[in-house]
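One file, final18.cif, carrying mmCIF, C-alpha atoms and all ligand atoms:
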data_model
#
loop_
_atom_site.label_atom_id
_atom_site.label_comp_id
_atom_site.auth_asym_id
_atom_site.auth_seq_id
_atom_site.Cartn_x
_atom_site.Cartn_y
_atom_site.Cartn_z
CA MET L 68 28.22 -72.85 -133.76
CA ASN L 69 28.93 -73.20 -130.02
CA VAL L 70 27.52 -76.46 -128.66
CA LEU L 71 27.02 -77.86 -125.16
CA LEU L 72 26.94 -81.64 -124.75
CA ILE L 73 25.31 -83.03 -121.61
CA GLY L 74 26.52 -86.35 -120.19
CA SER L 75 29.61 -88.28 -119.12
CA GLY L 76 29.48 -91.78 -120.60
CA GLY L 77 30.91 -93.66 -123.53
CA ARG L 78 27.91 -92.53 -125.55
CA GLU L 79 28.81 -88.90 -124.98
CA HIS L 80 32.49 -89.53 -125.74
CA ALA L 81 31.44 -90.96 -129.12
CA LEU L 82 29.12 -87.97 -129.73
CA ALA L 83 31.87 -85.50 -128.73
CA TRP L 84 34.39 -87.24 -131.00
CA LYS L 85 32.02 -87.05 -133.94
CA LEU L 86 30.77 -83.49 -133.23
CA SER L 87 34.36 -82.27 -132.94
CA GLN L 88 34.95 -83.31 -136.58
CA SER L 89 32.26 -80.90 -137.82
CA PRO L 90 33.39 -77.86 -139.81
CA LEU L 91 30.28 -76.12 -138.45
CA LEU L 92 31.49 -76.38 -134.85
CA SER L 93 33.15 -73.35 -133.27
CA LYS L 94 33.44 -74.53 -129.69
CA LEU L 95 32.27 -77.65 -127.88
CA TYR L 96 31.55 -77.63 -124.16
CA ALA L 97 30.64 -80.74 -122.17
CA ALA L 98 29.01 -81.03 -118.75
CA PRO L 99 30.19 -82.92 -116.83
CA GLY L 100 32.14 -84.89 -119.49
CA ASN L 101 35.00 -87.30 -118.78
CA PRO L 102 38.74 -87.52 -119.56
CA GLY L 103 38.05 -88.92 -123.05
CA ILE L 104 35.56 -86.16 -123.84
CA ALA L 105 38.17 -83.64 -122.63
CA ASP L 106 40.19 -84.40 -125.78
CA HIS L 107 37.38 -82.83 -127.84
CA ALA L 108 35.58 -80.39 -125.56
CA GLU L 109 36.07 -77.97 -122.71
CA LEU L 110 34.62 -79.62 -119.62
CA VAL L 111 32.39 -77.44 -117.48
CA LYS L 112 30.94 -77.97 -114.03
CA LEU L 113 27.22 -77.27 -114.15
CA ASP L 114 24.43 -78.22 -111.79
CA LEU L 115 22.34 -80.12 -114.35
CA ASP L 116 19.36 -80.21 -111.98
CA SER L 117 19.20 -76.45 -112.23
CA HIS L 118 17.93 -75.74 -115.71
CA THR L 119 18.36 -72.03 -115.04
CA ALA L 120 22.09 -72.64 -114.47
CA VAL L 121 22.32 -74.45 -117.81
CA ILE L 122 20.46 -71.64 -119.61
CA ASP L 123 22.62 -68.96 -117.93
CA PHE L 124 25.77 -70.80 -119.03
CA CYS L 125 24.51 -71.01 -122.62
CA ARG L 126 23.72 -67.29 -122.68
CA LEU L 127 27.10 -66.37 -121.18
CA MET L 128 29.09 -68.51 -123.62
CA GLY L 129 26.94 -67.95 -126.72
CA VAL L 130 25.88 -71.60 -126.87
CA GLU L 131 23.14 -71.92 -129.50
CA PHE L 132 22.65 -75.67 -129.39
CA VAL L 133 22.53 -78.24 -126.57
CA VAL L 134 22.84 -81.98 -127.20
CA VAL L 135 21.48 -84.08 -124.34
CA GLY L 136 22.98 -87.59 -124.06
CA PRO L 137 21.12 -89.36 -121.22
CA GLU L 138 17.37 -89.69 -120.57
CA ALA L 139 17.11 -88.33 -117.02
CA PRO L 140 17.50 -84.60 -117.91
CA LEU L 141 14.96 -85.06 -120.72
CA VAL L 142 12.38 -86.68 -118.45
CA ALA L 143 13.05 -83.76 -116.06
CA GLY L 144 12.17 -81.23 -118.80
CA LEU L 145 15.58 -79.79 -119.71
CA ALA L 146 14.72 -79.68 -123.43
CA ASP L 147 11.43 -77.82 -122.72
CA ASN L 148 13.20 -75.20 -120.62
CA LEU L 149 16.02 -74.69 -123.13
CA ARG L 150 13.58 -74.30 -126.00
CA ALA L 151 11.47 -71.87 -123.97
CA ALA L 152 14.66 -69.84 -123.51
CA GLY L 153 15.24 -69.79 -127.28
CA ILE L 154 18.10 -72.33 -127.24
CA ALA L 155 17.88 -75.25 -129.69
CA CYS L 156 18.06 -78.64 -128.01
CA PHE L 157 18.54 -82.17 -129.33
CA GLY L 158 16.19 -84.28 -127.23
CA PRO L 159 12.45 -84.58 -126.63
CA SER L 160 10.20 -82.61 -124.30
CA ALA L 161 9.32 -84.14 -120.93
CA ALA L 162 5.91 -85.08 -122.29
CA ALA L 163 7.43 -86.86 -125.30
CA ALA L 164 10.12 -88.47 -123.12
CA GLN L 165 7.32 -90.45 -121.46
CA LEU L 166 7.92 -92.90 -124.30
CA GLU L 167 10.90 -94.00 -122.25
CA GLY L 168 9.83 -92.75 -118.83
CA SER L 169 6.59 -94.74 -118.65
CA LYS L 170 6.20 -98.20 -120.15
CA GLY L 171 2.43 -97.95 -119.59
CA PHE L 172 2.31 -94.71 -121.63
CA THR L 173 4.04 -96.43 -124.55
CA LYS L 174 1.86 -99.53 -124.38
CA ASP L 175 -1.27 -97.35 -124.41
CA LEU L 176 0.09 -95.46 -127.43
CA CYS L 177 0.70 -98.78 -129.22
CA ALA L 178 -2.85 -99.91 -128.48
CA ARG L 179 -4.35 -96.62 -129.65
CA PHE L 180 -2.35 -96.34 -132.89
CA ASP L 181 -2.19 -100.01 -133.76
CA ILE L 182 1.56 -100.44 -133.31
CA PRO L 183 2.59 -104.12 -133.05
CA THR L 184 3.72 -105.03 -129.51
CA GLY L 185 3.04 -107.78 -126.94
CA ALA L 186 -0.45 -107.90 -125.39
CA TYR L 187 -0.40 -106.29 -121.95
CA GLN L 188 -2.23 -105.01 -118.88
CA ARG L 189 -1.27 -102.27 -116.41
CA PHE L 190 -1.66 -102.87 -112.65
CA ASN L 191 -1.35 -100.79 -109.49
CA ASN L 192 -1.62 -103.68 -107.05
CA ALA L 193 -0.06 -107.14 -106.67
CA PRO L 194 -3.17 -109.40 -106.28
CA LYS L 195 -4.71 -108.31 -109.59
CA ALA L 196 -1.36 -108.51 -111.41
CA LYS L 197 -0.81 -112.05 -110.07
CA ALA L 198 -4.31 -113.15 -111.03
CA TYR L 199 -3.63 -111.97 -114.59
CA VAL L 200 -0.28 -113.82 -114.64
CA ARG L 201 -1.97 -117.03 -113.44
CA ALA L 202 -4.62 -116.69 -116.13
CA GLU L 203 -2.06 -116.01 -118.89
CA GLY L 204 0.60 -118.52 -117.78
CA ALA L 205 4.38 -118.39 -118.37
CA PRO L 206 6.66 -117.36 -119.99
CA ILE L 207 5.52 -113.80 -119.28
CA VAL L 208 7.23 -110.45 -118.77
CA ILE L 209 6.94 -108.18 -115.70
CA LYS L 210 7.99 -104.53 -116.01
CA ALA L 211 8.20 -101.72 -113.48
CA ASP L 212 6.46 -98.79 -115.17
CA GLY L 213 9.07 -96.06 -114.62
CA LEU L 214 12.79 -95.54 -115.17
CA ALA L 215 14.67 -98.31 -113.35
CA ALA L 216 18.15 -98.02 -114.92
CA GLY L 217 17.43 -100.97 -117.20
CA LYS L 218 16.80 -103.28 -114.26
CA GLY L 219 13.01 -103.12 -113.97
CA VAL L 220 12.24 -105.97 -116.42
CA THR L 221 11.86 -109.65 -115.53
CA VAL L 222 11.37 -112.19 -118.29
CA ALA L 223 9.74 -114.88 -116.11
CA MET L 224 9.90 -118.48 -117.27
CA THR L 225 7.49 -119.63 -114.54
CA VAL L 226 4.38 -118.19 -112.86
CA GLU L 227 6.23 -118.27 -109.50
CA GLU L 228 9.08 -116.18 -110.89
CA ALA L 229 6.56 -113.71 -112.33
CA CYS L 230 4.74 -113.42 -108.98
CA ALA L 231 8.06 -112.85 -107.16
CA ALA L 232 8.91 -110.06 -109.64
CA ILE L 233 5.49 -108.47 -109.04
CA ASP L 234 6.12 -108.56 -105.28
CA ASP L 235 9.57 -106.98 -105.80
CA CYS L 236 8.05 -104.10 -107.75
CA PHE L 237 5.26 -103.34 -105.30
CA GLU L 238 7.58 -103.81 -102.29
CA GLY L 239 9.74 -100.97 -103.63
CA ALA L 240 12.72 -102.73 -105.27
CA PHE L 241 12.64 -100.04 -107.99
CA GLY L 242 11.36 -97.19 -105.82
CA ALA L 243 8.64 -95.04 -107.38
CA ALA L 244 9.28 -96.67 -110.79
CA GLY L 245 7.59 -99.83 -109.49
CA ALA L 246 4.40 -98.23 -108.15
CA GLU L 247 2.77 -99.39 -111.36
CA VAL L 248 3.51 -102.64 -113.17
CA VAL L 249 3.03 -103.67 -116.78
CA VAL L 250 2.51 -107.38 -117.42
CA GLU L 251 3.29 -108.23 -121.01
CA ALA L 252 3.16 -111.26 -123.30
CA PHE L 253 6.50 -112.94 -123.96
CA LEU L 254 7.70 -112.24 -127.51
CA ASP L 255 9.79 -114.95 -129.11
CA GLY L 256 12.40 -114.04 -131.72
CA GLU L 257 15.67 -112.21 -132.28
CA GLU L 258 16.16 -108.74 -130.83
CA ALA L 259 17.49 -105.72 -132.67
CA SER L 260 17.74 -102.01 -131.99
CA PHE L 261 16.68 -99.44 -134.54
CA PHE L 262 17.66 -95.77 -134.41
CA CYS L 263 15.72 -93.05 -136.17
CA LEU L 264 15.84 -89.25 -135.88
CA CYS L 265 12.52 -87.41 -135.74
CA ASP L 266 11.80 -83.67 -135.75
CA GLY L 267 8.10 -84.05 -134.95
CA LYS L 268 6.92 -84.43 -138.55
CA THR L 269 9.76 -86.09 -140.48
CA ALA L 270 11.54 -89.31 -139.54
CA LEU L 271 15.06 -90.04 -140.79
CA PRO L 272 16.18 -93.63 -140.29
CA LEU L 273 19.74 -93.92 -139.00
CA ALA L 274 21.00 -97.46 -138.49
CA THR L 275 20.53 -100.73 -136.64
CA ALA L 276 22.53 -102.28 -133.83
CA GLN L 277 22.53 -105.25 -131.54
CA ASP L 278 23.70 -105.11 -127.95
CA HIS L 279 24.60 -107.72 -125.37
CA LYS L 280 22.76 -107.04 -122.13
CA ARG L 281 23.92 -109.98 -120.00
CA VAL L 282 27.18 -109.76 -118.09
CA GLY L 283 28.56 -113.18 -119.06
CA ASP L 284 29.73 -114.95 -122.20
CA GLY L 285 26.98 -116.79 -124.07
CA ASP L 286 24.46 -114.15 -122.85
CA THR L 287 24.38 -115.53 -119.29
CA GLY L 288 24.18 -113.92 -115.85
CA PRO L 289 22.47 -110.72 -114.73
CA ASN L 290 21.42 -107.87 -117.01
CA THR L 291 23.69 -104.82 -117.38
CA GLY L 292 23.53 -101.50 -119.21
CA GLY L 293 25.16 -103.34 -122.12
CA MET L 294 28.49 -105.21 -122.37
CA GLY L 295 29.06 -104.66 -126.07
CA ALA L 296 27.32 -103.94 -129.36
CA TYR L 297 27.71 -104.07 -133.09
CA SER L 298 26.17 -102.34 -136.08
CA PRO L 299 24.51 -103.12 -138.40
CA ALA L 300 22.30 -105.88 -136.94
CA PRO L 301 22.15 -108.49 -139.72
CA VAL L 302 18.63 -109.59 -138.70
CA MET L 303 17.34 -106.18 -139.84
CA THR L 304 17.03 -106.62 -143.59
CA PRO L 305 16.00 -103.63 -145.75
CA ALA L 306 12.48 -105.12 -145.93
CA LEU L 307 12.26 -105.30 -142.12
CA ILE L 308 13.56 -101.75 -141.81
CA GLU L 309 10.84 -100.58 -144.19
CA ARG L 310 8.19 -102.42 -142.16
CA THR L 311 9.57 -100.96 -138.93
CA MET L 312 9.29 -97.45 -140.37
CA LYS L 313 5.74 -97.98 -141.64
CA GLU L 314 4.29 -100.08 -138.83
CA ILE L 315 6.14 -98.71 -135.77
CA ILE L 316 8.04 -95.43 -136.23
CA GLU L 317 5.63 -93.48 -138.44
CA PRO L 318 2.49 -94.31 -136.40
CA THR L 319 4.42 -93.34 -133.26
CA MET L 320 5.46 -90.02 -134.79
CA ARG L 321 1.89 -89.30 -135.95
CA GLY L 322 0.39 -90.49 -132.68
CA MET L 323 2.68 -88.35 -130.54
CA ALA L 324 1.88 -85.28 -132.65
CA GLU L 325 -1.85 -86.03 -132.48
CA MET L 326 -1.66 -86.36 -128.70
CA GLY L 327 -0.04 -82.92 -128.53
CA HIS L 328 3.47 -84.22 -127.76
CA PRO L 329 5.38 -84.07 -131.07
CA PHE L 330 8.60 -86.05 -130.67
CA GLN L 331 11.88 -84.30 -131.43
CA GLY L 332 14.97 -86.40 -130.88
CA VAL L 333 16.12 -89.93 -131.53
CA PHE L 334 13.82 -92.92 -131.36
CA PHE L 335 15.77 -95.89 -130.05
CA ALA L 336 13.33 -98.72 -130.71
CA GLY L 337 13.98 -102.05 -129.03
CA LEU L 338 12.46 -104.59 -131.40
CA MET L 339 11.71 -108.28 -131.33
CA ILE L 340 11.68 -109.83 -134.78
CA THR L 341 8.97 -112.44 -134.30
CA ALA L 342 7.34 -114.80 -136.80
CA LYS L 343 4.83 -111.97 -137.46
CA GLY L 344 7.51 -109.33 -138.15
CA PRO L 345 8.94 -106.48 -136.09
CA GLU L 346 7.23 -105.88 -132.73
CA LEU L 347 8.04 -103.08 -130.31
CA ILE L 348 9.59 -104.11 -126.98
CA GLU L 349 10.30 -100.59 -125.80
CA TYR L 350 11.32 -97.10 -126.77
CA ASN L 351 14.23 -95.13 -125.45
CA VAL L 352 14.38 -91.43 -126.26
CA ARG L 353 18.16 -91.09 -126.50
CA PHE L 354 21.02 -92.92 -128.14
CA GLY L 355 21.92 -96.31 -126.70
CA ASP L 356 25.09 -96.76 -124.72
CA PRO L 357 27.16 -98.59 -126.11
CA GLU L 358 25.09 -98.66 -129.35
CA CYS L 359 25.89 -94.98 -130.04
CA GLN L 360 29.61 -95.79 -130.12
CA VAL L 361 29.20 -98.21 -133.03
CA LEU L 362 26.77 -95.90 -134.86
CA MET L 363 29.22 -92.99 -134.66
CA MET L 364 32.04 -95.17 -136.05
CA ARG L 365 29.87 -95.94 -139.10
CA LEU L 366 28.35 -92.49 -139.70
CA ALA L 367 30.02 -90.96 -142.74
CA SER L 368 28.02 -87.69 -142.60
CA ASP L 369 28.62 -84.71 -140.36
CA LEU L 370 26.69 -85.36 -137.13
CA LEU L 371 26.13 -81.73 -136.12
CA PRO L 372 23.74 -80.69 -138.96
CA LEU L 373 21.77 -83.93 -138.48
CA LEU L 374 21.17 -83.33 -134.78
CA HIS L 375 20.55 -79.62 -135.36
CA ALA L 376 17.99 -80.35 -138.11
CA CYS L 377 16.27 -82.72 -135.73
CA ALA L 378 16.06 -79.96 -133.11
CA THR L 379 14.89 -77.26 -135.52
CA GLY L 380 12.30 -79.09 -137.63
CA THR L 381 14.36 -79.29 -140.84
CA LEU L 382 15.07 -83.01 -140.98
CA ASP L 383 13.50 -83.16 -144.47
CA GLN L 384 16.52 -81.18 -145.71
CA VAL L 385 19.34 -83.50 -144.57
CA LYS L 386 20.62 -86.98 -145.38
CA ALA L 387 22.68 -89.45 -143.39
CA GLU L 388 25.36 -91.50 -145.14
CA TRP L 389 26.75 -94.66 -143.58
CA SER L 390 29.82 -96.76 -144.09
CA ASP L 391 29.08 -100.35 -145.13
CA ASP L 392 31.68 -101.54 -142.63
CA VAL L 393 30.69 -103.27 -139.42
CA ALA L 394 31.57 -101.56 -136.14
CA LEU L 395 31.87 -103.51 -132.92
CA THR L 396 32.49 -102.33 -129.36
CA VAL L 397 33.51 -104.31 -126.29
CA VAL L 398 32.76 -102.84 -122.87
CA MET L 399 35.43 -103.17 -120.19
CA ALA L 400 33.74 -103.03 -116.79
CA ALA L 401 35.08 -102.79 -113.24
CA ASN L 402 35.36 -106.10 -111.37
CA GLY L 403 32.07 -106.78 -109.60
CA TYR L 404 29.83 -104.94 -112.11
CA PRO L 405 26.77 -105.01 -112.35
CA GLY L 406 26.87 -105.59 -108.58
CA ALA L 407 29.02 -103.53 -106.19
CA TYR L 408 32.26 -102.81 -108.03
CA GLU L 409 35.76 -101.59 -107.26
CA LYS L 410 36.56 -97.92 -107.77
CA GLY L 411 39.87 -96.14 -108.21
CA SER L 412 41.96 -98.86 -109.92
CA VAL L 413 44.61 -97.42 -112.24
CA ILE L 414 44.34 -97.79 -116.02
CA ALA L 415 48.08 -97.93 -116.76
CA HIS L 416 48.02 -98.00 -120.54
CA LEU L 417 45.64 -97.34 -123.43
CA PRO L 418 46.52 -98.38 -127.00
CA GLU L 419 47.25 -96.12 -129.97
CA GLU L 420 44.06 -95.20 -131.81
CA SER L 421 43.18 -94.59 -135.42
CA LEU L 422 40.04 -93.41 -137.25
CA ASP L 423 38.70 -96.96 -137.26
CA ALA L 424 39.93 -98.17 -133.87
CA LYS L 425 38.92 -96.13 -130.81
CA VAL L 426 38.79 -96.48 -127.06
CA PHE L 427 35.85 -94.47 -125.75
CA HIS L 428 35.90 -93.50 -122.09
CA ALA L 429 32.88 -94.11 -119.86
CA GLY L 430 33.54 -94.27 -116.09
CA THR L 431 37.07 -92.84 -115.97
CA ALA L 432 38.64 -89.91 -114.13
CA ARG L 433 42.03 -88.24 -113.85
CA GLN L 434 43.77 -88.40 -110.48
CA GLY L 435 46.91 -86.34 -110.83
CA ASP L 436 48.71 -87.92 -113.78
CA ALA L 437 46.89 -91.23 -113.46
CA LEU L 438 43.78 -92.36 -115.28
CA VAL L 439 41.53 -94.30 -112.90
CA ALA L 440 38.30 -96.26 -113.15
CA THR L 441 35.37 -94.64 -111.36
CA GLY L 442 32.28 -96.23 -112.89
CA GLY L 443 30.81 -99.67 -113.57
CA ARG L 444 31.31 -99.56 -117.31
CA VAL L 445 34.71 -97.95 -117.83
CA LEU L 446 36.04 -98.28 -121.41
CA ASN L 447 34.46 -99.11 -124.78
CA VAL L 448 37.03 -100.64 -127.11
CA THR L 449 35.70 -100.15 -130.63
CA ALA L 450 36.85 -101.12 -134.12
CA THR L 451 35.50 -101.53 -137.61
CA GLY L 452 35.94 -104.27 -140.20
CA LYS L 453 34.49 -105.62 -143.43
CA THR L 454 32.74 -108.38 -141.48
CA VAL L 455 31.62 -108.83 -137.86
CA LEU L 456 34.41 -111.38 -137.47
CA GLU L 457 37.02 -108.86 -138.64
CA ALA L 458 35.64 -106.02 -136.48
CA GLN L 459 35.54 -108.42 -133.53
CA ALA L 460 39.14 -109.57 -134.07
CA ARG L 461 40.35 -105.97 -134.36
CA ALA L 462 38.43 -104.81 -131.29
CA TYR L 463 39.82 -107.63 -129.14
CA ALA L 464 43.37 -107.08 -130.50
CA LEU L 465 43.05 -103.44 -129.38
CA LEU L 466 41.53 -104.45 -126.06
CA ASP L 467 44.39 -106.83 -125.30
CA GLN L 468 46.74 -103.82 -125.36
CA VAL L 469 44.82 -102.11 -122.54
CA ASP L 470 46.70 -102.42 -119.25
CA TRP L 471 44.04 -102.30 -116.55
CA LYS L 472 44.04 -104.88 -113.78
CA GLY L 473 40.71 -103.84 -112.24
CA GLY L 474 38.42 -104.77 -115.10
CA PHE L 475 36.89 -107.56 -117.15
CA CYS L 476 35.02 -107.95 -120.41
CA ARG L 477 33.02 -110.49 -122.36
CA ARG L 478 35.08 -112.35 -124.96
CA ASP L 479 32.21 -113.14 -127.32
CA ILE L 480 30.67 -109.81 -128.38
CA GLY L 481 29.06 -110.34 -131.80
CA TRP L 482 28.80 -114.14 -131.48
CA ARG L 483 25.34 -114.42 -132.99
CA ALA L 484 26.32 -112.40 -136.07
CA VAL L 485 29.63 -114.25 -136.40
CA ALA L 486 27.74 -117.58 -136.36
CA ARG L 487 25.41 -116.18 -139.02
CA GLU L 488 28.41 -115.14 -141.17
CA LYS L 489 29.91 -118.61 -140.87
CA ALA L 490 26.64 -120.39 -141.70
P1 LIG P 501 13.48 -103.50 -121.77
O1 LIG P 501 14.12 -102.81 -120.61
O2 LIG P 501 12.03 -103.27 -121.94
O3 LIG P 501 14.31 -103.37 -123.05
O4 LIG P 501 13.64 -105.05 -121.48
C1 LIG P 501 14.89 -105.60 -121.22
C2 LIG P 501 15.02 -106.89 -121.98
O5 LIG P 501 13.98 -107.79 -121.56
C3 LIG P 501 14.81 -106.75 -123.47
O6 LIG P 501 15.96 -106.34 -124.14
C4 LIG P 501 14.40 -108.16 -123.84
O7 LIG P 501 15.53 -109.00 -123.90
C5 LIG P 501 13.57 -108.57 -122.65
N1 LIG P 501 12.15 -108.34 -122.92
C6 LIG P 501 11.42 -107.24 -122.64
N2 LIG P 501 10.14 -107.37 -123.01
C7 LIG P 501 10.04 -108.60 -123.56
C8 LIG P 501 8.96 -109.36 -124.13
N3 LIG P 501 7.72 -108.88 -124.20
N4 LIG P 501 9.24 -110.61 -124.59
C9 LIG P 501 10.48 -111.12 -124.50
N5 LIG P 501 11.53 -110.48 -123.96
C10 LIG P 501 11.32 -109.23 -123.50
N1 LIG P 502 22.44 -100.36 -124.15
C1 LIG P 502 21.10 -100.17 -123.83
C2 LIG P 502 20.71 -98.79 -123.51
O1 LIG P 502 21.41 -97.83 -123.73
O2 LIG P 502 19.60 -98.64 -123.00
#
Output the file's structure as C-alpha cells, nothing else.
Ligand code: AMP
Ligand code: GLY
Amino acid sequence: MNVLLIGSGGREHALAWKLSQSPLLSKLYAAPGNPGIADHAELVKLDLDSHTAVIDFCRLMGVEFVVVGPEAPLVAGLADNLRAAGIACFGPSAAAAQLEGSKGFTKDLCARFDIPTGAYQRFNNAPKAKAYVRAEGAPIVIKADGLAAGKGVTVAMTVEEACAAIDDCFEGAFGAAGAEVVVEAFLDGEEASFFCLCDGKTALPLATAQDHKRVGDGDTGPNTGGMGAYSPAPVMTPALIERTMKEIIEPTMRGMAEMGHPFQGVFFAGLMITAKGPELIEYNVRFGDPECQVLMMRLASDLLPLLHACATGTLDQVKAEWSDDVALTVVMAANGYPGAYEKGSVIAHLPEESLDAKVFHAGTARQGDALVATGGRVLNVTATGKTVLEAQARAYALLDQVDWKGGFCRRDIGWRAVAREKA
C-alpha cells in the first residue's frame, strides 16, 4: 500500500518510523516531513491548504491511504475531501473534529449524553462570564472556545485571575478562538491521557500516557505543547480504563453517530481522575505530541492495519498488542521556548539509536550538511525500560550524548510516576 503522512513534528516522525516497519507498506510519502521522517519516507512539497493538490498527488502516485498527524487539516475538512475522492483517510471529518475544535461543542455533547465532566457555562460576552465566575468563586477554569495552540486555558486560582483571563479572550488574545468562552468547574485530581481508536461504531482502546505541560522542573512556569511524556500512566488502572470506556468513550462514540457525525480516528481524551472517577477535561482528535512517541515505542503490533481499519470501518477485525515496558520521552526545546526562541542553531551530534532508544525529530531542518534547529520543540529523546525509573535513566543517558548548544530540557520527566514506584 502507498501511504501519505501529513505533518512535520515528533509525532509524525514516530508514526513514520512505525509505519515504515509494516510489511504491508509499499511506499511512504510525507508532506512536509522533517529530516528524521526523511529516513523513512520520501518528503514531498504539497500545499496542504489545497485539498485538491493533495488529492491530485494521491491519484498521481497511487496513494490509497492518507494518515493525518495534526488537527488543523482535519478541522479544515481534509479527511472529508479525501474520502469524497475515494481515498481512505485516518482522521475525523470536520464535523467530528469539532470535538477538539470547539470546547463548547464537546461540553454540550457531555451534557446531552451524560458524560462526566466539570459543570460549565458558555458565554459570548465578558460581563455575563464574570458574573458567573463571581457567583461560582475560585478556583475556576476559563477556556477560549476554539483552537488556541494549547494556550487558551487558564486555571484561575482567584476570581481576579479568572476575570483577567475572560478579558484576554474577549480582547482577542486568542483571535477568533476566544470569541466564545467556556467557564468550567475546577476538577481536582491526577491527570492522565487515554488513547482509543474509533471507526464510528467500534472503539479499540490503545494505551495511556502522561505528559508534562509546564516548561520548568517540578511542573512550574508557563504551559507548552508538552515537555515530555511517559506511557503507561500508572494512575490508569485496568478498572479505571474500563470505566473510561463505558462512561466516556462509548457514549461519545454513540452520541457522535446519533448526531450525524460518526467519529473515525483517534480519541485522545484528557482525563482528570477525581474522587468520583474519570472525568473528561477535553478531547483531541489526533495523537498527542509527544505522547504518540511513547505509544509507538510500546506498540508491538503493526500500526498500518490498525490505522487503516480505523479509516475503513473494520476495527472489529484487528487487535493491538502492547509491550509491558515503560516508554519515556524528553523534549529538547530551543532556548526561549515557549516564548520567542532562537532559530538556526546547529545540532552537532546525535547519539546512536537502537530499537528501544530513539531520537525523534520535531523542529529540525538540513542546511547543507548541517542539522539545525528550526522549531520550538526540536528533539524528542525516547527510551524504554522495565520501570519508569529505568526508562528515565536511559532517556537522559541518551540525551546527554546530544551535542546541541541552543537547547534545554526538563530534568525530571516522569517524576510523579518515579515517586509512585519508590513509595
Ligand atoms: P486543555 O487545553 O483543556 O487540556 O487544558 C490544559 C490544562 O488545563 C489541562 O491539561 C489541565 O491541566 C488544566 N485544566 C483544564 N480544565 C481543567 C479543569 N476543569 N480543572 C482543572 N484543571 C483543568
Ligand atoms: N501534548 C499535548 C498535545 O499533543 O496536545
Using only C-alpha atoms and all ligand atoms, which protein or nucleic acid residues are at most 6 Å from ligand LIG 501 (chain P), as a compact mmCIF listing (two decimals) with C-alpha atoms, in the frame of the given file?
# COMPACT_ATOMS: atom_id res chain seq x y z
CA GLY L 185 3.04 -107.78 -126.94
CA VAL L 208 7.23 -110.45 -118.77
CA GLY L 217 17.43 -100.97 -117.20
CA VAL L 220 12.24 -105.97 -116.42
CA VAL L 222 11.37 -112.19 -118.29
CA GLU L 251 3.29 -108.23 -121.01
CA ALA L 252 3.16 -111.26 -123.30
CA PHE L 253 6.50 -112.94 -123.96
CA LEU L 254 7.70 -112.24 -127.51
CA ILE L 348 9.59 -104.11 -126.98
CA GLU L 349 10.30 -100.59 -125.80
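Proximity to stretch 163-179 of chain L at 7 Å, evaluated using all atoms listed in the file and with sequence-adjacent residues fewer than 2 positions away removed, yields Leu141, Val142, Pro159, Ser160, Ala161, Asp181, Ile182, Pro183, Thr184, Arg189, Asp212, Gly213, Leu214, Val249, His328, Pro329, Phe330, Tyr350, Asn351 and Val352 of chain L.
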Deliver the residues from the most recent selection as a file, using C-alpha atoms, as a CSV table (one decimal), in the frame of the given file.
chain,number,residue,atom,x,y,z
L,141,LEU,CA,15.0,-85.1,-120.7
L,142,VAL,CA,12.4,-86.7,-118.4
L,159,PRO,CA,12.4,-84.6,-126.6
L,160,SER,CA,10.2,-82.6,-124.3
L,161,ALA,CA,9.3,-84.1,-120.9
L,181,ASP,CA,-2.2,-100.0,-133.8
L,182,ILE,CA,1.6,-100.4,-133.3
L,183,PRO,CA,2.6,-104.1,-133.0
L,184,THR,CA,3.7,-105.0,-129.5
L,189,ARG,CA,-1.3,-102.3,-116.4
L,212,ASP,CA,6.5,-98.8,-115.2
L,213,GLY,CA,9.1,-96.1,-114.6
L,214,LEU,CA,12.8,-95.5,-115.2
L,249,VAL,CA,3.0,-103.7,-116.8
L,328,HIS,CA,3.5,-84.2,-127.8
L,329,PRO,CA,5.4,-84.1,-131.1
L,330,PHE,CA,8.6,-86.0,-130.7
L,350,TYR,CA,11.3,-97.1,-126.8
L,351,ASN,CA,14.2,-95.1,-125.4
L,352,VAL,CA,14.4,-91.4,-126.3
Around ligand LIG 502 (chain P), which protein and nucleic acid residues have at least one atom no more than 12 Å from it, if we count all atoms listed in the file? List them as number ranges by chain. L: 76-79, 136-138, 167, 214-218, 259-262, 276-281, 290-297, 334-337, 349-361, 396-398, 444
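Between atom CA of L:Ala108 and atom CA of L:Leu127 the interatomic distance comes to 17.0 Å.
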Which residues, written as a ChimeraX atom specification, have at least one atom at most 6 Å from stretch 454-456 of chain L, with all atoms listed in the file counted and residues fewer than 2 positions away on the same chain left out? /L:393,452,458-459,485
Convert the current residue selection to file output with C-alpha atoms, as a compact mmCIF listing (two decimals), in the coordinates of the input.
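File written: part_36.txt
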# COMPACT_ATOMS: atom_id res chain seq x y z
CA VAL L 393 30.69 -103.27 -139.42
CA GLY L 452 35.94 -104.27 -140.20
CA ALA L 458 35.64 -106.02 -136.48
CA GLN L 459 35.54 -108.42 -133.53
CA VAL L 485 29.63 -114.25 -136.40
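Picture a line from atom CA of L:Val250 to atom CA of L:Lys313; it runs 26.2 Å.
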With all atoms listed in the file as the atoms that count, which of L:Asp147, L:Asp479, L:Glu488, L:Asp470 lies nearest to L:Val282?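 Closest to L:Val282 of all the choices is L:Asp479.
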Once 3 Å is added on each side, what are the centre and the three edge lengths, in Å to one decimal, of the axis-aligned box enclosing the listed atoms of stretch 111-117 of chain L? Present them as JSON.
{"center_x": 25.8, "center_y": -78.3, "center_z": -114.6, "size_x": 19.2, "size_y": 9.8, "size_z": 11.7}
Using all atoms listed in the file, which protein or nucleic acid residues come within 7 Å of L:His107? Drop anything in the same chain fewer than 6 positions from it, and give the result as a PyMOL selection string. chain L and resi 83-84+87
Distance in Å - atom CA of L:Ala211 versus atom CA of L:Gly285: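 Rounded to one decimal, the two atoms are 26.3 Å apart.
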Hey, what's within 6 Å of L:Val445 if we count all atoms listed in the file and toss same-chain stuff fewer than 3 positions away? As number ranges by chain, please? L: 399-400, 429-431, 442
So, counting all atoms listed in the file, which residue among L:Ile480, L:Leu307, L:Leu373, L:Ala432 is closest to L:Gly100?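 Result for the nearest residue to L:Gly100: L:Ala432.
Proximity ranking of L:Arg487, L:His80, L:Arg126, L:Arg477 relative to L:Gly283 places L:Arg477 first, based on all atoms listed in the file.
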